[in-house]
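Source file coords-v7.tsv; content: TSV, C-alpha atoms.
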chain	number	residue	atom	x	y	z
A	1288	LYS	CA	6.34	4.71	-7.09
A	1289	ILE	CA	10.08	4.20	-7.67
A	1290	SER	CA	10.08	7.42	-9.67
A	1291	ASP	CA	8.23	9.18	-6.85
A	1292	MET	CA	11.04	8.33	-4.46
A	1293	GLY	CA	13.60	10.14	-6.62
A	1294	LEU	CA	15.27	7.02	-7.97
A	1295	GLY	CA	14.18	7.33	-11.57
A	1296	LYS	CA	14.65	9.56	-14.56
A	1297	GLN	CA	13.54	13.17	-14.37
A	1298	LEU	CA	10.42	13.67	-16.44
A	1299	MET	CA	8.87	16.88	-17.67
A	1300	GLY	CA	5.18	17.67	-17.97
A	1301	GLN	CA	3.39	14.96	-15.99
A	1302	SER	CA	6.43	14.52	-13.79
A	1303	SER	CA	6.62	12.45	-10.65
A	1304	PHE	CA	9.00	15.07	-9.28
A	1305	GLY	CA	8.18	18.34	-7.62
A	1306	LEU	CA	9.90	21.61	-8.40
A	1307	SER	CA	12.37	21.01	-5.55
A	1308	THR	CA	13.88	18.11	-7.49
A	1309	LEU	CA	14.59	20.21	-10.58
A	1310	GLY	CA	18.10	21.54	-10.09
A	1311	ASN	CA	19.80	24.49	-11.76
A	1312	ALA	CA	21.17	22.20	-14.44
A	1313	SER	CA	17.66	21.31	-15.50
A	1314	LEU	CA	16.68	24.95	-15.49
A	1315	ARG	CA	19.63	25.98	-17.63
A	1316	ALA	CA	18.85	23.18	-20.04
A	1317	SER	CA	15.40	24.59	-20.68
A	1318	ALA	CA	14.88	26.59	-23.81
A	1319	GLU	CA	14.79	30.35	-23.43
A	1320	GLY	CA	11.32	31.57	-22.59
A	1321	SER	CA	9.97	28.06	-21.90
A	1322	GLN	CA	7.64	27.37	-19.02
A	1323	ILE	CA	7.21	24.48	-16.62
A	1324	VAL	CA	4.55	23.47	-14.19
A	1325	GLY	CA	5.69	22.24	-10.80
A	1326	VAL	CA	3.26	19.46	-9.98
A	1327	GLY	CA	4.65	18.40	-6.63
A	1328	PRO	CA	5.82	14.92	-5.62
A	1329	GLY	CA	3.76	12.00	-6.85
A	1330	SER	CA	2.07	10.82	-10.03
A	1331	VAL	CA	-0.80	12.79	-11.49
A	1332	GLY	CA	-4.08	11.41	-10.20
A	1333	TRP	CA	-2.43	9.85	-7.14
A	1334	GLN	CA	-1.40	12.96	-5.25
A	1335	ALA	CA	-2.78	14.10	-1.93
A	1336	PRO	CA	-5.04	17.16	-2.12
A	1337	GLU	CA	-2.61	19.32	-0.15
A	1338	VAL	CA	0.08	18.57	-2.73
A	1339	MET	CA	-2.23	19.51	-5.57
A	1340	ALA	CA	-3.22	22.70	-3.74
A	1341	GLN	CA	0.40	23.86	-3.85
A	1342	ARG	CA	0.90	23.52	-7.55
A	1343	ILE	CA	2.71	26.36	-9.25
A	1344	ASN	CA	0.78	28.49	-11.67
A	1345	PRO	CA	2.53	28.17	-15.04
A	1346	GLU	CA	1.71	31.79	-15.89
A	1347	SER	CA	3.66	33.02	-12.88
A	1348	MET	CA	6.87	31.12	-13.63
A	1349	THR	CA	9.10	31.95	-16.57
A	1350	MET	CA	12.45	30.27	-16.99
A	1351	VAL	CA	15.16	31.75	-19.16
A	1352	ARG	CA	18.68	30.57	-19.75
A	1353	GLY	CA	20.38	30.33	-16.35
A	1354	THR	CA	17.60	32.13	-14.45
A	1355	SER	CA	14.09	31.60	-13.24
A	1356	SER	CA	11.50	33.74	-11.54
A	1357	VAL	CA	8.56	32.69	-9.42
A	1358	GLY	CA	5.90	35.20	-8.49
A	1359	SER	CA	4.77	35.54	-4.91
A	1360	ASP	CA	1.28	34.57	-5.96
A	1361	SER	CA	2.39	31.42	-7.73
A	1362	MET	CA	0.87	29.06	-5.18
A	1363	ILE	CA	-2.70	28.39	-6.19
A	1364	GLU	CA	-5.33	26.61	-4.16
A	1365	ALA	CA	-7.64	24.17	-5.83
A	1366	SER	CA	-10.35	24.85	-3.30
A	1367	PRO	CA	-10.82	28.33	-1.84
A	1368	MET	CA	-13.03	26.84	0.86
A	1369	ASP	CA	-10.25	24.72	2.34
A	1370	THR	CA	-7.32	26.83	3.45
A	1371	ALA	CA	-5.88	23.93	5.44
A	1372	LEU	CA	-4.67	22.35	2.20
A	1373	SER	CA	-2.27	25.22	1.62
A	1374	SER	CA	-0.25	24.35	4.72
A	1375	ARG	CA	3.10	22.61	4.62
A	1376	THR	CA	2.97	19.02	3.40
A	1377	SER	CA	4.19	16.11	5.51
A	1378	ARG	CA	4.70	12.36	5.32
A	1379	SER	CA	0.93	11.97	5.26
A	1380	VAL	CA	1.00	12.72	1.53
A	1381	ASP	CA	2.64	9.32	1.03
A	1382	ILE	CA	-0.06	7.68	3.14
A	1383	PHE	CA	-2.69	9.16	0.83
A	1384	SER	CA	-0.96	7.79	-2.27
A	1385	LEU	CA	-0.45	4.43	-0.58
A	1386	GLY	CA	-4.15	4.30	0.27
A	1387	CYS	CA	-4.97	4.72	-3.41
A	1388	ILE	CA	-2.52	1.93	-4.24
A	1389	PHE	CA	-4.08	-0.34	-1.61
A	1390	TYR	CA	-7.48	0.22	-3.19
A	1391	CYS	CA	-6.40	-0.63	-6.72
A	1392	THR	CA	-4.47	-3.64	-5.42
A	1393	ILE	CA	-7.48	-5.05	-3.57
A	1394	ILE	CA	-9.82	-4.21	-6.45
A	1395	PRO	CA	-7.58	-4.51	-9.55
A	1396	GLY	CA	-8.07	-1.86	-12.17
A	1397	SER	CA	-10.02	0.46	-9.88
A	1398	HIS	CA	-9.20	3.77	-8.23
A	1399	PRO	CA	-10.94	5.28	-5.16
A	1400	PHE	CA	-11.47	8.54	-7.06
A	1401	GLY	CA	-12.70	7.14	-10.36
A	1402	GLU	CA	-11.30	7.07	-13.87
A	1403	TRP	CA	-8.04	8.78	-14.82
A	1404	TYR	CA	-9.76	11.83	-16.33
A	1405	GLU	CA	-11.80	12.60	-13.20
A	1406	ARG	CA	-9.45	11.62	-10.39
A	1407	GLU	CA	-7.88	14.98	-9.69
A	1408	ALA	CA	-11.24	16.76	-9.63
A	1409	ASN	CA	-12.71	14.14	-7.31
A	1410	ILE	CA	-9.68	14.31	-5.02
A	1411	MET	CA	-9.99	18.06	-4.65
A	1412	LYS	CA	-13.77	17.85	-4.23
A	1413	ASN	CA	-13.32	15.05	-1.67
A	1414	LYS	CA	-15.57	12.66	-3.57
A	1415	PRO	CA	-14.15	9.16	-3.17
A	1416	SER	CA	-16.13	6.15	-4.32
A	1417	THR	CA	-15.24	3.19	-2.12
A	1418	GLU	CA	-18.55	1.35	-1.81
A	1419	ALA	CA	-17.18	-1.70	-3.60
A	1420	LEU	CA	-14.40	-2.01	-1.02
A	1421	LYS	CA	-16.86	-1.77	1.87
A	1422	ASP	CA	-18.82	-4.69	0.48
A	1423	LEU	CA	-15.61	-6.70	0.08
A	1424	SER	CA	-13.89	-6.08	3.43
A	1425	ALA	CA	-14.87	-3.93	6.41
A	1426	ASP	CA	-11.24	-3.90	7.56
A	1427	ALA	CA	-9.86	-2.78	4.20
A	1428	SER	CA	-12.60	-0.17	3.83
A	1429	ASP	CA	-11.80	1.36	7.21
A	1430	LEU	CA	-8.07	1.48	6.55
A	1431	VAL	CA	-8.19	2.80	3.00
A	1432	ASN	CA	-10.79	5.46	3.79
A	1433	SER	CA	-8.69	6.71	6.68
A	1434	MET	CA	-5.59	6.78	4.47
A	1435	ILE	CA	-7.27	8.85	1.76
A	1436	SER	CA	-8.87	11.25	4.23
A	1437	ARG	CA	-8.87	14.86	3.04
A	1438	ASP	CA	-7.49	16.02	6.38
A	1439	PRO	CA	-3.78	15.06	6.59
A	1440	LYS	CA	-3.97	14.92	10.39
A	1441	SER	CA	-6.71	12.31	10.21
A	1442	ARG	CA	-4.60	9.87	8.22
A	1443	PRO	CA	-2.81	7.07	10.07
A	1444	THR	CA	0.95	6.94	10.37
A	1445	ALA	CA	2.93	4.22	8.63
A	1446	SER	CA	3.20	2.25	11.87
A	1447	GLN	CA	-0.54	2.56	12.46
A	1448	VAL	CA	-1.19	1.26	8.96
A	1449	CYS	CA	0.94	-1.80	9.69
A	1450	GLY	CA	-0.86	-2.34	13.00
A	1451	HIS	CA	-4.36	-2.14	11.52
A	1452	PRO	CA	-6.67	-5.19	11.96
A	1453	LEU	CA	-6.48	-5.76	8.20
A	1454	PHE	CA	-3.02	-7.21	8.83
A	1455	TRP	CA	-3.79	-9.11	12.04
A	1456	SER	CA	-3.38	-12.87	12.10
A	1457	PRO	CA	-6.45	-15.03	12.86
A	1458	ALA	CA	-5.04	-15.80	16.32
A	1459	LYS	CA	-4.68	-12.10	17.12
A	1460	ARG	CA	-8.17	-11.30	15.86
A	1461	LEU	CA	-9.71	-13.98	18.04
A	1462	ALA	CA	-7.63	-12.98	21.06
A	1463	PHE	CA	-8.79	-9.37	20.65
A	1464	LEU	CA	-12.45	-10.37	20.59
A	1465	CYS	CA	-12.03	-12.59	23.65
A	1466	GLU	CA	-10.12	-9.97	25.64
A	1467	LEU	CA	-12.68	-7.32	24.79
A	1468	SER	CA	-15.43	-9.65	26.00
A	1469	ASP	CA	-13.55	-10.15	29.27
A	1470	ARG	CA	-13.12	-6.39	29.55
A	1471	LEU	CA	-16.84	-5.79	29.10
A	1472	GLU	CA	-17.59	-8.29	31.86
A	1473	VAL	CA	-15.18	-6.48	34.18
A	1474	ASP	CA	-16.67	-3.12	33.27
A	1475	SER	CA	-20.13	-4.47	34.03
A	1476	MET	CA	-19.03	-5.47	37.52
A	1477	VAL	CA	-17.39	-2.08	38.06
A	1478	SER	CA	-20.52	-0.22	37.00
A	1479	LYS	CA	-22.54	-2.23	39.52
A	1480	GLY	CA	-20.10	-1.51	42.32
A	1481	ASN	CA	-18.79	-5.06	42.55
A	1482	GLU	CA	-15.19	-4.21	41.76
A	1483	GLY	CA	-13.86	-4.95	45.24
A	1484	ASP	CA	-12.37	-8.28	44.22
A	1485	LEU	CA	-10.96	-7.06	40.91
A	1486	ASP	CA	-7.43	-6.09	40.04
A	1487	SER	CA	-7.34	-2.28	40.04
A	1488	THR	CA	-5.27	-2.30	36.83
A	1489	LEU	CA	-8.28	-3.69	34.99
A	1490	CYS	CA	-10.48	-0.74	35.92
A	1491	ILE	CA	-8.75	2.18	34.27
A	1492	ALA	CA	-11.83	3.17	32.28
A	1493	CYS	CA	-15.13	1.52	31.49
A	1494	ILE	CA	-16.28	1.04	27.92
A	1495	ASP	CA	-19.72	2.51	27.38
A	1496	PRO	CA	-22.10	-0.45	26.78
A	1497	LEU	CA	-24.19	1.77	24.51
A	1498	ALA	CA	-21.18	2.26	22.25
A	1499	VAL	CA	-20.76	-1.51	21.96
A	1500	GLU	CA	-24.37	-1.90	20.82
A	1501	ARG	CA	-24.14	0.97	18.35
A	1502	ASN	CA	-25.48	-0.17	14.97
A	1503	ALA	CA	-25.87	-3.69	16.32
A	1504	VAL	CA	-28.32	-4.57	13.57
A	1505	GLY	CA	-25.68	-3.82	10.96
A	1506	VAL	CA	-23.08	-5.88	12.82
A	1507	VAL	CA	-24.92	-8.97	14.08
A	1508	GLY	CA	-28.41	-8.60	12.63
A	1509	THR	CA	-31.64	-8.78	14.61
A	1510	ALA	CA	-30.87	-12.31	15.86
A	1511	TRP	CA	-27.33	-13.59	15.44
A	1512	ASP	CA	-28.23	-17.16	16.39
A	1513	LYS	CA	-29.98	-17.57	13.02
A	1514	ASN	CA	-26.57	-17.44	11.31
A	1515	LEU	CA	-24.93	-20.08	13.48
A	1516	ASP	CA	-24.80	-23.85	13.32
A	1517	ARG	CA	-27.57	-25.50	15.31
A	1518	ASP	CA	-25.16	-28.03	16.78
A	1519	LEU	CA	-22.88	-25.20	17.89
A	1520	LEU	CA	-25.76	-23.68	19.83
A	1521	SER	CA	-27.21	-26.95	21.12
A	1522	ASN	CA	-25.80	-26.66	24.62
A	1523	VAL	CA	-25.60	-22.87	24.91
A	1524	SER	CA	-28.92	-22.30	26.66
A	1525	ARG	CA	-28.09	-24.85	29.35
A	1526	PHE	CA	-25.44	-22.59	30.85
A	1527	ARG	CA	-26.39	-19.02	30.03
A	1528	THR	CA	-29.17	-16.86	28.63
A	1529	TYR	CA	-28.05	-14.83	25.63
A	1530	ASP	CA	-29.57	-11.77	24.01
A	1531	THR	CA	-29.20	-12.70	20.35
A	1532	ALA	CA	-29.53	-9.06	19.25
A	1533	SER	CA	-26.57	-7.96	21.37
A	1534	VAL	CA	-22.99	-7.53	20.15
A	1535	ARG	CA	-21.71	-8.02	23.68
A	1536	ASP	CA	-23.46	-11.38	24.01
A	1537	LEU	CA	-22.07	-12.56	20.67
A	1538	LEU	CA	-18.59	-11.69	21.91
A	1539	ARG	CA	-19.33	-13.67	25.05
A	1540	LEU	CA	-20.32	-16.67	22.93
A	1541	VAL	CA	-17.15	-16.40	20.83
A	1542	ARG	CA	-15.04	-16.25	23.98
A	1543	ASN	CA	-16.73	-19.25	25.58
A	1544	LYS	CA	-16.57	-21.39	22.47
A	1545	HIS	CA	-12.88	-20.55	22.12
A	1546	HIS	CA	-12.14	-21.60	25.70
A	1547	HIS	CA	-14.36	-24.69	25.45
A	1548	TYR	CA	-13.52	-25.68	21.90
A	1549	ASP	CA	-12.40	-29.15	22.95
A	1550	GLU	CA	-15.87	-29.82	24.34
A	1551	LEU	CA	-17.56	-29.32	20.97
A	1552	PRO	CA	-18.80	-32.42	19.11
A	1553	HIS	CA	-16.43	-33.80	16.52
A	1554	GLU	CA	-18.90	-33.06	13.72
A	1555	VAL	CA	-19.02	-29.38	14.73
A	1556	LYS	CA	-15.23	-29.14	14.88
A	1557	THR	CA	-15.05	-30.61	11.39
A	1558	ARG	CA	-17.44	-28.00	10.00
A	1559	ILE	CA	-15.86	-25.09	11.84
A	1560	GLY	CA	-12.21	-25.98	11.50
A	1561	ALA	CA	-9.28	-25.81	13.86
A	1562	ASN	CA	-8.99	-23.40	16.76
A	1563	PRO	CA	-8.19	-20.49	16.44
A	1564	ASP	CA	-7.99	-20.06	12.65
A	1565	GLY	CA	-11.10	-22.01	11.76
A	1566	LEU	CA	-13.13	-20.64	14.66
A	1567	VAL	CA	-12.47	-16.99	13.91
A	1568	ALA	CA	-13.01	-17.59	10.18
A	1569	TYR	CA	-16.36	-19.22	10.98
A	1570	PHE	CA	-17.64	-16.24	12.96
A	1571	GLU	CA	-16.19	-13.61	10.64
A	1572	ALA	CA	-17.77	-15.24	7.60
A	1573	ARG	CA	-21.14	-14.67	9.27
A	1574	PHE	CA	-20.35	-11.33	10.92
A	1575	PRO	CA	-17.72	-9.72	8.67
A	1576	SER	CA	-17.74	-6.32	10.39
A	1577	LEU	CA	-17.50	-7.64	13.97
A	1578	VAL	CA	-13.75	-7.13	14.48
A	1579	MET	CA	-13.76	-3.69	12.87
A	1580	HIS	CA	-16.77	-2.62	14.90
A	1581	CYS	CA	-15.10	-3.66	18.15
A	1582	TYR	CA	-11.85	-2.00	17.10
A	1583	ASN	CA	-13.65	1.29	16.48
A	1584	VAL	CA	-15.46	1.04	19.82
A	1585	CYS	CA	-12.10	0.77	21.55
A	1586	ARG	CA	-10.66	3.55	19.43
A	1587	SER	CA	-13.42	5.95	20.46
A	1588	SER	CA	-13.89	4.82	24.07
A	1589	LEU	CA	-10.53	3.93	25.58
A	1590	PRO	CA	-8.01	6.39	27.08
A	1591	LEU	CA	-4.49	6.72	25.71
A	1592	ASP	CA	-2.89	4.70	28.52
A	1593	ASP	CA	-5.38	1.84	28.48
A	1594	PRO	CA	-3.71	-1.63	28.57
A	1595	LEU	CA	-6.02	-3.07	25.91
A	1596	ALA	CA	-5.35	-0.19	23.53
A	1597	SER	CA	-1.61	-0.43	24.12
A	1598	LYS	CA	-1.49	-4.19	23.61
A	1599	TYR	CA	-3.24	-4.05	20.25
A	1600	GLY	CA	-1.80	-0.75	19.08
A	1601	ILE	CA	-5.18	0.94	18.86
A	1602	PRO	CA	-4.82	4.66	18.03
A	1603	VAL	CA	-7.44	5.98	20.41
A	1604	LEU	CA	-9.17	9.23	19.59
A	1605	LYS	CA	-8.62	12.31	21.75
A	1606	ARG	CA	-12.13	13.31	22.69
A	1607	ASN	CA	-13.55	14.56	25.95
A	1608	ASP	CA	-16.17	12.67	27.92
A	1609	LYS	CA	-18.96	15.03	26.99
A	1610	GLN	CA	-18.39	14.60	23.27
A	1611	LYS	CA	-18.26	10.80	23.57
A	1612	SER	CA	-21.44	10.70	25.63
A	1613	VAL	CA	-23.39	12.87	23.22
A	1614	GLU	CA	-22.19	10.93	20.18
A	1615	SER	CA	-22.99	7.56	21.74
A	1616	GLU	CA	-26.49	8.61	22.69
A	1617	ALA	CA	-27.18	10.04	19.24
A	1618	LEU	CA	-25.91	6.95	17.45
A	1619	VAL	CA	-27.81	4.51	19.63
A	1620	ALA	CA	-30.98	6.59	19.34
A	1621	GLY	CA	-30.79	6.16	15.58
A	1622	ASN	CA	-30.38	2.41	15.86
A	1623	GLY	CA	-34.07	1.74	16.38
A	1624	VAL	CA	-33.52	-1.47	18.33
A	1625	ASP	CA	-33.98	-2.01	22.05
A	1626	HIS	CA	-31.10	-4.13	23.29
A	1627	LYS	CA	-30.99	-5.81	26.67
A	1628	LEU	CA	-27.87	-4.54	28.34
A	1629	THR	CA	-28.56	-6.05	31.73
A	1630	SER	CA	-26.33	-8.85	32.89
A	1631	ASP	CA	-27.71	-12.30	32.18
A	1632	ARG	CA	-27.36	-15.12	34.62
A	1633	THR	CA	-23.91	-16.60	34.42
A	1634	ASP	CA	-22.68	-20.11	34.63
A	1635	SER	CA	-19.94	-20.49	37.21
A	1636	ARG	CA	-18.50	-23.49	35.43
A	1637	GLU	CA	-17.98	-21.72	32.10
A	1638	ASP	CA	-16.75	-18.47	33.64
A	1639	ALA	CA	-14.23	-20.22	35.85
A	1640	LEU	CA	-12.76	-22.11	32.93
A	1641	ALA	CA	-12.84	-19.05	30.67
A	1642	ASP	CA	-10.85	-17.02	33.18

For the structure just supplied, provide its representation as structure tokens.
Amino acid sequence: KISDMGLGKQLMGQSSFGLSTLGNASLRASAEGSQIVGVGPGSVGWQAPEVMAQRINPESMTMVRGTSSVGSDSMIEASPMDTALSSRTSRSVDIFSLGCIFYCTIIPGSHPFGEWYEREANIMKNKPSTEALKDLSADASDLVNSMISRDPKSRPTASQVCGHPLFWSPAKRLAFLCELSDRLEVDSMVSKGNEGDLDSTLCIACIDPLAVERNAVGVVGTAWDKNLDRDLLSNVSRFRTYDTASVRDLLRLVRNKHHHYDELPHEVKTRIGANPDGLVAYFEARFPSLVMHCYNVCRSSLPLDDPLASKYGIPVLKRNDKQKSVESEALVAGNGVDHKLTSDRTDSREDALAD
């Protein structure tokens, strides 16, 4: 990548430099009648599709001593079906290349678009193969797939990459889950018309409970209590009734155990580890896609000026209410599981301490 940034030696053929970096001196140095292919910035096999779409046809460019000519039809598109790729490139081309680097760093020796001889074709055909990354890390899979998106506008910015949950500390991950749980409780009260005693700043927009339960089976399974320590759950039913198929209720459990960690038996603390690092690691080992699922719910449900989105740097999507409603209903309909979304009886002692 040092060569890509213009700090290395100028190479011909499979060059890391685009035509714009080849000055007149280089042109004059070329042999009379020789030809050169402008491949755009970046290494071959690691370039964004829009960079590859703007490659210069070697047949349309002839360089002679001291002169060069480029035909008006020299820009060729790799895919006639995707005219968007022929638009002006931006910084997102670096995000694409960085996404490929992330992938091969996390899975050494691999590339999201296959072996070296098939990468360019797969990039232009938009055929990534990232299943191995999904099995390894839901966070990494989400980030890398967004970075190598075919649409440059869909790729995150550099600051959004740095703010992705993949780089969150354990304390921040746990705090996010707990604050989202609190937010869902507030939203539940608002939806029932009990918001009179709430701070108005907490009621900017309600998160659709159906969106939270989207693909719950894939996130928490059919009964999340089966994955948890019996001793951890020993006193749960005394204070509250939980729906063990619900994502929202698992978040509620995480929040309560975080706030009441000191009340856990010593043996349980030893198995789980310290709070917050050990606690969040314990739950994420059993529900590895929980944080990413909640992050995506916020990304698709919250407005731009929402305090929770602002605090955690969540790049919310710009979609109208009708689109969100239709998408949520369609996704939940395909879930095939009937979740109880009604409020369970609450324990005043736990809630008071949690707040």

- Item | Among listed residues A:His1545, A:Arg1406, A:Lys1598, A:Lys1414, nearest Ala1561 (chain A) (using only C-alpha atoms) | A:His1545

- Item | Expected residue set, 12 Å radius at (-15.3, -21.4, 11.9), all atoms listed in the file, as an MDAnalysis selection string | chainID A and resid 1457 1461 1514:1516 1519 1541 1544:1545 1548 1555:1574

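Each of A:Pro1552, A:Gly1386, A:Pro1443, A:Gly1450 was compared to Leu1604 (chain A) using only C-alpha atoms, and A:Pro1443 turns out to be the nearest.
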
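CA of Lys1412 (chain A) sits 29.0 Å away from CA of Gly1505 (chain A).
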
- Task: Please identify all polymer residues within 8 Å of region 1431-1433 of chain A, counting only C-alpha atoms, omitting same-chain residues fewer than 2 positions from it, and present them as a list in words.
- Result: Gly1386, Cys1387, Phe1389, Tyr1390, Thr1417, Ala1427, Ser1428, Asp1429, Ile1435, Ser1436, Ser1441, Arg1442 and Pro1443 of chain A

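Straight-line separation from CA of Cys1449 (chain A) to CA of Ser1379 (chain A): 14.5 Å.
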
- Task: Between CA of Ser1475 (chain A) and CA of Ala1492 (chain A), measure the distance and give it in Å to one decimal.
- Result: 11.4 Å

- Restricting to all atoms listed in the file, whichever of A:Thr1392, A:Ser1456, A:Asn1502, A:Ser1446 is closest to Cys1581 (chain A) is A:Asn1502

I'd like a table as JSON lines: residues in region 1378-1449 of chain A with an atom no more than 8 Å from region 1332-1343 of chain A, each row giving the shortest atom pair and its distance in Å to one decimal, all atoms listed in the file counted, sorted by chain and rising residue number.
{"residue": "A:Val1380", "atom": "CA", "partner": "A:Ala1335", "partner_atom": "CA", "distance": 5.3}
{"residue": "A:Asp1381", "atom": "CA", "partner": "A:Ala1335", "partner_atom": "CA", "distance": 7.8}
{"residue": "A:Phe1383", "atom": "CA", "partner": "A:Ala1335", "partner_atom": "CA", "distance": 5.7}
{"residue": "A:Ser1384", "atom": "CA", "partner": "A:Trp1333", "partner_atom": "CA", "distance": 5.5}
{"residue": "A:Cys1387", "atom": "CA", "partner": "A:Trp1333", "partner_atom": "CA", "distance": 6.8}
{"residue": "A:Trp1403", "atom": "CA", "partner": "A:Gly1332", "partner_atom": "CA", "distance": 6.6}
{"residue": "A:Arg1406", "atom": "CA", "partner": "A:Gly1332", "partner_atom": "CA", "distance": 5.4}
{"residue": "A:Glu1407", "atom": "CA", "partner": "A:Gly1332", "partner_atom": "CA", "distance": 5.2}
{"residue": "A:Ile1410", "atom": "CA", "partner": "A:Pro1336", "partner_atom": "CA", "distance": 6.2}
{"residue": "A:Met1411", "atom": "CA", "partner": "A:Pro1336", "partner_atom": "CA", "distance": 5.6}
{"residue": "A:Ile1435", "atom": "CA", "partner": "A:Ala1335", "partner_atom": "CA", "distance": 7.8}
{"residue": "A:Arg1437", "atom": "CA", "partner": "A:Pro1336", "partner_atom": "CA", "distance": 6.8}

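Candidate residues A:Asp1536, A:Glu1550, A:Asp1495, A:Asp1512 were compared for distance to Cys1585 (chain A), and the nearest is A:Asp1495, using all atoms listed in the file.
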
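Comparing A:Met1476, A:Leu1589, A:Val1523, A:Leu1423 by their smallest distance to His1547 (chain A), the closest is A:Val1523 (using only C-alpha atoms).
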
Complete the atom set of region 1597-1602 of chain A to all heavy atoms and return it as a CSV table (one decimal), keeping the file's coordinate frame.
chain,number,residue,atom,x,y,z
A,1597,SER,N,-3.1,-0.3,24.3
A,1597,SER,CA,-1.6,-0.4,24.1
A,1597,SER,C,-1.2,-1.8,23.6
A,1597,SER,O,-0.3,-1.9,22.7
A,1597,SER,CB,-0.9,-0.2,25.5
A,1597,SER,OG,-1.2,1.1,26.0
A,1598,LYS,N,-1.8,-2.8,24.0
A,1598,LYS,CA,-1.5,-4.2,23.6
A,1598,LYS,C,-1.7,-4.4,22.1
A,1598,LYS,O,-1.0,-5.0,21.4
A,1598,LYS,CB,-2.3,-5.2,24.4
A,1598,LYS,CG,-2.0,-6.7,24.0
A,1598,LYS,CD,-2.7,-7.6,24.9
A,1598,LYS,CE,-2.3,-9.1,24.6
A,1598,LYS,NZ,-3.0,-10.1,25.5
A,1599,TYR,N,-2.9,-3.8,21.6
A,1599,TYR,CA,-3.2,-4.0,20.2
A,1599,TYR,C,-2.9,-2.9,19.3
A,1599,TYR,O,-3.4,-2.8,18.2
A,1599,TYR,CB,-4.7,-4.4,20.2
A,1599,TYR,CG,-5.0,-5.8,20.7
A,1599,TYR,CD1,-5.4,-6.0,22.0
A,1599,TYR,CD2,-4.8,-6.9,19.9
A,1599,TYR,CE1,-5.6,-7.3,22.5
A,1599,TYR,CE2,-5.0,-8.2,20.4
A,1599,TYR,CZ,-5.4,-8.4,21.7
A,1599,TYR,OH,-5.6,-9.6,22.2
A,1600,GLY,N,-2.2,-1.9,19.9
A,1600,GLY,CA,-1.8,-0.8,19.1
A,1600,GLY,C,-3.0,0.1,18.5
A,1600,GLY,O,-2.9,0.5,17.4
A,1601,ILE,N,-4.0,0.2,19.3
A,1601,ILE,CA,-5.2,0.9,18.9
A,1601,ILE,C,-5.0,2.4,19.0
A,1601,ILE,O,-4.8,2.9,20.1
A,1601,ILE,CB,-6.4,0.5,19.7
A,1601,ILE,CG1,-6.6,-1.0,19.5
A,1601,ILE,CG2,-7.7,1.3,19.2
A,1601,ILE,CD1,-7.8,-1.6,20.4
A,1602,PRO,N,-5.0,3.2,17.9
A,1602,PRO,CA,-4.8,4.7,18.0
A,1602,PRO,C,-6.1,5.3,18.5
A,1602,PRO,O,-6.9,5.8,17.7
A,1602,PRO,CB,-4.5,5.0,16.6
A,1602,PRO,CG,-5.2,4.0,15.8
A,1602,PRO,CD,-5.2,2.8,16.5
